[in-house]
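Colleague: The structure file coords_2.txt (compact mmCIF, C-alpha atoms) is provided below.
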```txt
# COMPACT_ATOMS: atom_id res chain seq x y z
CA MET A 1 21.51 41.02 47.70
CA ALA A 2 21.91 39.20 44.43
CA ALA A 3 24.82 36.89 43.92
CA PRO A 4 27.46 38.15 41.50
CA SER A 5 26.94 36.62 38.09
CA ALA A 6 29.33 36.02 35.26
CA PRO A 7 30.47 39.23 33.57
CA ARG A 8 28.63 40.13 30.42
CA PRO A 9 30.41 39.97 27.12
CA PRO A 10 30.99 43.42 25.61
CA ARG A 11 28.39 44.64 23.18
CA PRO A 12 29.38 44.83 19.53
CA ARG A 13 30.10 48.40 18.51
CA LYS A 14 27.96 50.00 15.85
CA GLU A 15 29.80 51.46 12.95
CA PRO A 16 29.72 55.25 13.12
CA GLN A 17 27.26 56.87 10.76
CA PRO A 18 28.18 60.11 9.01
CA LEU A 19 26.14 63.09 10.12
CA VAL A 20 23.93 64.19 7.23
CA ILE A 21 21.76 67.25 7.58
CA PRO A 22 18.89 67.27 5.07
CA ARG A 23 18.65 70.45 3.01
CA ASN A 24 15.04 70.00 1.90
CA ALA A 25 12.00 67.81 2.48
CA ALA A 26 12.81 65.37 -0.33
CA GLU A 27 16.27 64.71 1.11
CA GLU A 28 14.80 64.20 4.57
CA GLN A 29 12.33 61.68 3.18
CA ARG A 30 15.15 59.89 1.30
CA LEU A 31 17.19 59.61 4.52
CA ARG A 32 14.22 58.20 6.41
CA LEU A 33 13.59 55.61 3.70
CA GLU A 34 17.24 54.59 3.68
CA ARG A 35 17.13 54.15 7.46
CA LEU A 36 14.01 52.00 7.20
CA MET A 37 15.48 49.85 4.43
CA ARG A 38 18.67 49.07 6.40
CA ASN A 39 16.69 46.50 8.37
CA PRO A 40 13.66 45.33 6.34
CA GLU A 41 12.62 42.73 8.98
CA LYS A 42 12.04 45.41 11.59
CA THR A 43 8.40 46.41 12.01
CA VAL A 44 7.51 49.96 11.10
CA PRO A 45 5.17 51.82 13.43
CA ILE A 46 2.23 53.21 11.47
CA PRO A 47 0.32 55.77 13.52
CA GLU A 48 -3.43 55.39 13.90
CA LYS A 49 -5.70 58.04 12.44
CA LEU A 50 -6.46 60.63 15.07
CA ASN A 51 -10.08 60.93 16.05
CA GLU A 52 -11.71 64.15 15.02
CA TRP A 53 -12.08 66.72 17.74
CA ALA A 54 -15.56 67.03 19.19
CA PRO A 55 -16.74 69.46 21.87
CA ARG A 56 -18.00 68.27 25.20
CA PRO A 57 -21.74 67.71 25.18
CA PRO A 58 -23.80 70.35 26.98
CA PRO A 59 -24.61 69.59 30.61
CA GLU A 60 -27.88 67.80 31.33
CA PHE A 61 -28.76 70.12 34.19
CA VAL A 62 -27.35 73.61 34.79
CA ARG A 63 -27.42 74.50 38.48
CA ASP A 64 -26.12 78.06 38.41
CA VAL A 65 -28.12 79.90 35.79
CA MET A 66 -26.52 83.27 35.29
CA GLY A 67 -26.09 86.07 32.83
CA SER A 68 -24.11 89.25 32.37
CA SER A 69 -26.64 91.39 34.15
CA ALA A 70 -26.58 93.79 37.05
CA GLY A 71 -26.34 92.20 40.47
CA ALA A 72 -23.94 89.48 39.42
CA GLY A 73 -20.60 89.32 41.20
CA SER A 74 -17.40 90.42 39.53
CA GLY A 75 -16.27 86.82 38.89
CA GLU A 76 -19.60 85.66 37.48
CA PHE A 77 -19.13 87.42 34.17
CA HIS A 78 -15.99 85.39 33.42
CA VAL A 79 -17.84 82.14 34.13
CA TYR A 80 -20.68 83.29 31.87
CA ARG A 81 -18.19 84.30 29.16
CA HIS A 82 -16.56 80.84 29.19
CA LEU A 83 -19.93 79.08 29.03
CA ARG A 84 -20.99 81.30 26.14
CA ARG A 85 -17.72 80.69 24.26
CA ARG A 86 -18.07 76.93 24.74
CA GLU A 87 -21.66 77.00 23.45
CA TYR A 88 -20.68 79.03 20.36
CA GLN A 89 -17.83 76.61 19.72
CA ARG A 90 -20.26 73.67 19.96
CA GLN A 91 -22.69 75.33 17.53
CA ASP A 92 -19.88 76.09 15.06
CA PHE A 93 -18.79 72.45 15.26
CA MET A 94 -22.33 71.23 14.57
CA ASP A 95 -22.63 73.62 11.60
CA ALA A 96 -19.30 72.40 10.20
CA MET A 97 -20.35 68.76 10.59
CA ALA A 98 -23.68 69.45 8.84
CA GLU A 99 -21.82 71.16 5.96
CA LYS A 100 -19.39 68.25 5.71
CA GLN A 101 -22.25 65.76 5.65
CA ARG A 102 -24.04 67.80 2.95
CA LEU A 103 -20.88 67.87 0.80
CA ASP A 104 -20.40 64.12 1.27
CA GLU A 105 -23.99 63.46 0.16
CA GLU A 106 -23.53 65.70 -2.90
CA PHE A 107 -20.33 63.86 -3.77
CA GLN A 108 -22.04 60.46 -3.45
CA LYS A 109 -24.91 61.66 -5.66
CA LYS A 110 -22.42 62.94 -8.24
CA LEU A 111 -20.59 59.59 -8.20
CA GLU A 112 -23.88 57.74 -8.66
CA ARG A 113 -24.91 60.08 -11.51
CA ASN A 114 -21.54 59.58 -13.26
CA LYS A 115 -21.88 55.83 -12.83
CA MET A 116 -25.36 55.87 -14.39
CA ILE A 117 -24.14 57.98 -17.35
CA ALA A 118 -21.25 55.57 -17.91
CA GLU A 119 -23.67 52.60 -17.74
CA GLU A 120 -25.98 54.25 -20.29
CA GLN A 121 -23.05 54.92 -22.63
CA THR A 122 -21.88 51.32 -22.31
CA ALA A 123 -25.39 49.99 -22.96
CA LYS A 124 -25.73 52.30 -25.98
CA ARG A 125 -22.43 51.04 -27.37
CA ARG A 126 -23.49 47.44 -26.79
CA ARG A 127 -26.66 47.98 -28.82
CA LYS A 128 -24.72 49.58 -31.69
CA PRO A 129 -23.79 47.08 -34.44
CA CYS A 130 -20.08 46.46 -34.65
CA SER A 131 -18.12 47.33 -37.74
CA VAL A 132 -15.25 45.32 -39.10
CA VAL A 133 -11.95 46.36 -40.63
CA LYS A 134 -10.52 44.55 -43.63
CA ILE A 135 -7.11 42.98 -43.07
CA SER A 136 -6.82 40.83 -46.19
CA SER A 137 -8.61 40.34 -49.49
CA SER A 138 -10.93 37.64 -48.14
CA PHE A 139 -11.36 38.13 -44.37
CA CYS A 140 -12.02 40.90 -41.80
CA LEU A 141 -11.57 41.21 -38.07
CA PRO A 142 -13.91 43.16 -35.77
CA GLN A 143 -12.65 46.37 -34.21
CA LYS A 144 -10.84 46.67 -30.91
CA ASN A 145 -12.45 45.05 -27.82
CA LYS A 146 -14.78 42.89 -29.89
CA LYS A 147 -14.88 39.13 -30.39
CA TYR A 148 -12.56 38.01 -33.15
CA GLU A 149 -14.59 36.48 -35.93
CA LEU A 150 -13.77 36.08 -39.61
CA VAL A 151 -16.21 37.93 -41.89
CA PRO A 152 -15.85 38.32 -45.68
CA SER A 153 -15.57 41.94 -46.86
CA VAL A 154 -15.43 43.97 -50.05
CA SER A 155 -12.58 46.27 -51.11
CA ILE A 156 -13.11 49.33 -53.34
CA LEU A 157 -10.03 50.35 -55.35
CA GLY A 158 -7.65 48.95 -52.74
CA LYS A 159 -9.15 51.04 -49.89
CA VAL A 160 -10.42 49.41 -46.72
CA LYS A 161 -14.19 49.45 -46.56
CA GLN A 162 -15.97 48.98 -43.24
CA LYS A 163 -18.79 46.50 -43.30
CA LYS A 164 -21.34 45.95 -40.55
CA CYS A 165 -21.52 42.48 -39.05
CA SER A 166 -24.81 40.65 -39.32
CA GLU A 167 -24.46 39.12 -35.84
CA ASN A 168 -24.54 40.87 -32.47
CA HIS A 169 -21.32 40.42 -30.55
```
Would you kindly transcribe this structure into structure tokens?
Modeller:
Amino acid sequence: MAAPSAPRPPRPRKEPQPLVIPRNAAEEQRLRLERLMRNPEKTVPIPEKLNEWAPRPPPEFVRDVMGSSAGAGSGEFHVYRHLRRREYQRQDFMDAMAEKQRLDEEFQKKLERNKMIAEEQTAKRRRKPCSVVKISSSFCLPQKNKKYELVPSVSILGKVKQKKCSENH
């Protein structure tokens, strides 16, 4: 038997929290966030992503080959029915996975196509000569997103005239 040790000091009492019942999902989320933020040093458990369900693989060797035919015992039909249901479930799963893979491939192709179109547009805009906008009587600045370079320009009756730069930016 263990020797009696010194008595423990009493634990500090927690202050009582008011009972708050959330009325909707937003309020429930707010309460959870407040609870988490009371102690920011405490680690927060983040659940792992659950693995996707997959059916059991079919058996390598089937010993009792059976069917729902005459001569089978009364319990054999139920065994056959379960095997058939499991096989249909496996085939449905494989069909769903093939469809998901097909949709993923289509999405990747669409992303690649959009990326190529954006690249072509950017290249086309790069080849286009830049135009400049007059800001004073003697100098111009190139348009937005271009290198800033001073270029002389001409004004017609006080209106701003756009002039093409001679250099490629």
Colleague: Please, what distance in Å, to one decimal, runs between CA of Ser74 in chain A and CA of Pro55 in chain A?
Modeller: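 Computing the Euclidean distance for CA of Ser74 in chain A and CA of Pro55 in chain A yields 27.4 Å.
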Colleague: In Å to one decimal, how far is CA of Arg86 in chain A from CA of Arg56 in chain A?
Modeller: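 Computing the Euclidean distance for CA of Arg56 in chain A and CA of Arg86 in chain A yields 8.7 Å.
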Colleague: Please provide the set of residues having any atom within 12 Å of Pro58 in chain A, restricted to all atoms listed in the file, with same-chain residues fewer than 2 positions apart removed, written as an mmCIF file with C-alpha atoms, keeping the file's coordinate frame.
Modeller:
```
data_model
loop_
_atom_site.group_PDB
_atom_site.id
_atom_site.type_symbol
_atom_site.label_atom_id
_atom_site.label_comp_id
_atom_site.auth_asym_id
_atom_site.auth_seq_id
_atom_site.Cartn_x
_atom_site.Cartn_y
_atom_site.Cartn_z
ATOM 1 C CA ALA A 54 -15.560 67.030 19.190
ATOM 2 C CA PRO A 55 -16.740 69.460 21.870
ATOM 3 C CA ARG A 56 -18.000 68.270 25.200
ATOM 4 C CA GLU A 60 -27.880 67.800 31.330
ATOM 5 C CA PHE A 61 -28.760 70.120 34.190
ATOM 6 C CA VAL A 62 -27.350 73.610 34.790
ATOM 7 C CA LEU A 83 -19.930 79.080 29.030
ATOM 8 C CA ARG A 84 -20.990 81.300 26.140
ATOM 9 C CA ARG A 86 -18.070 76.930 24.740
ATOM 10 C CA GLU A 87 -21.660 77.000 23.450
ATOM 11 C CA TYR A 88 -20.680 79.030 20.360
ATOM 12 C CA GLN A 89 -17.830 76.610 19.720
ATOM 13 C CA ARG A 90 -20.260 73.670 19.960
ATOM 14 C CA GLN A 91 -22.690 75.330 17.530
#
```
Colleague: Enter the distance from CA of Leu33 in chain A to CA of Pro47 in chain A, in Å, rounded to one decimal.
Modeller: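 These two atoms are separated by 16.5 Å.
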Colleague: With only C-alpha atoms as the counted atoms, please give the residues lying no more than 12 Å from Val20 in chain A, apart from itself and same-chain residues fewer than 5 positions off, as a VMD selection string.
Modeller: chain A and resid 27 to 28 30 to 32
Colleague: Kindly list the centre and edge lengths in Å, rounded to one decimal, for the axis-aligned box that covers all listed atoms of range 87-94 of chain A plus 3 Å on each of its six sides, as JSON.
Modeller:
```
{"center_x": -20.3, "center_y": 75.1, "center_z": 19.0, "size_x": 10.9, "size_y": 13.8, "size_z": 14.9}
```
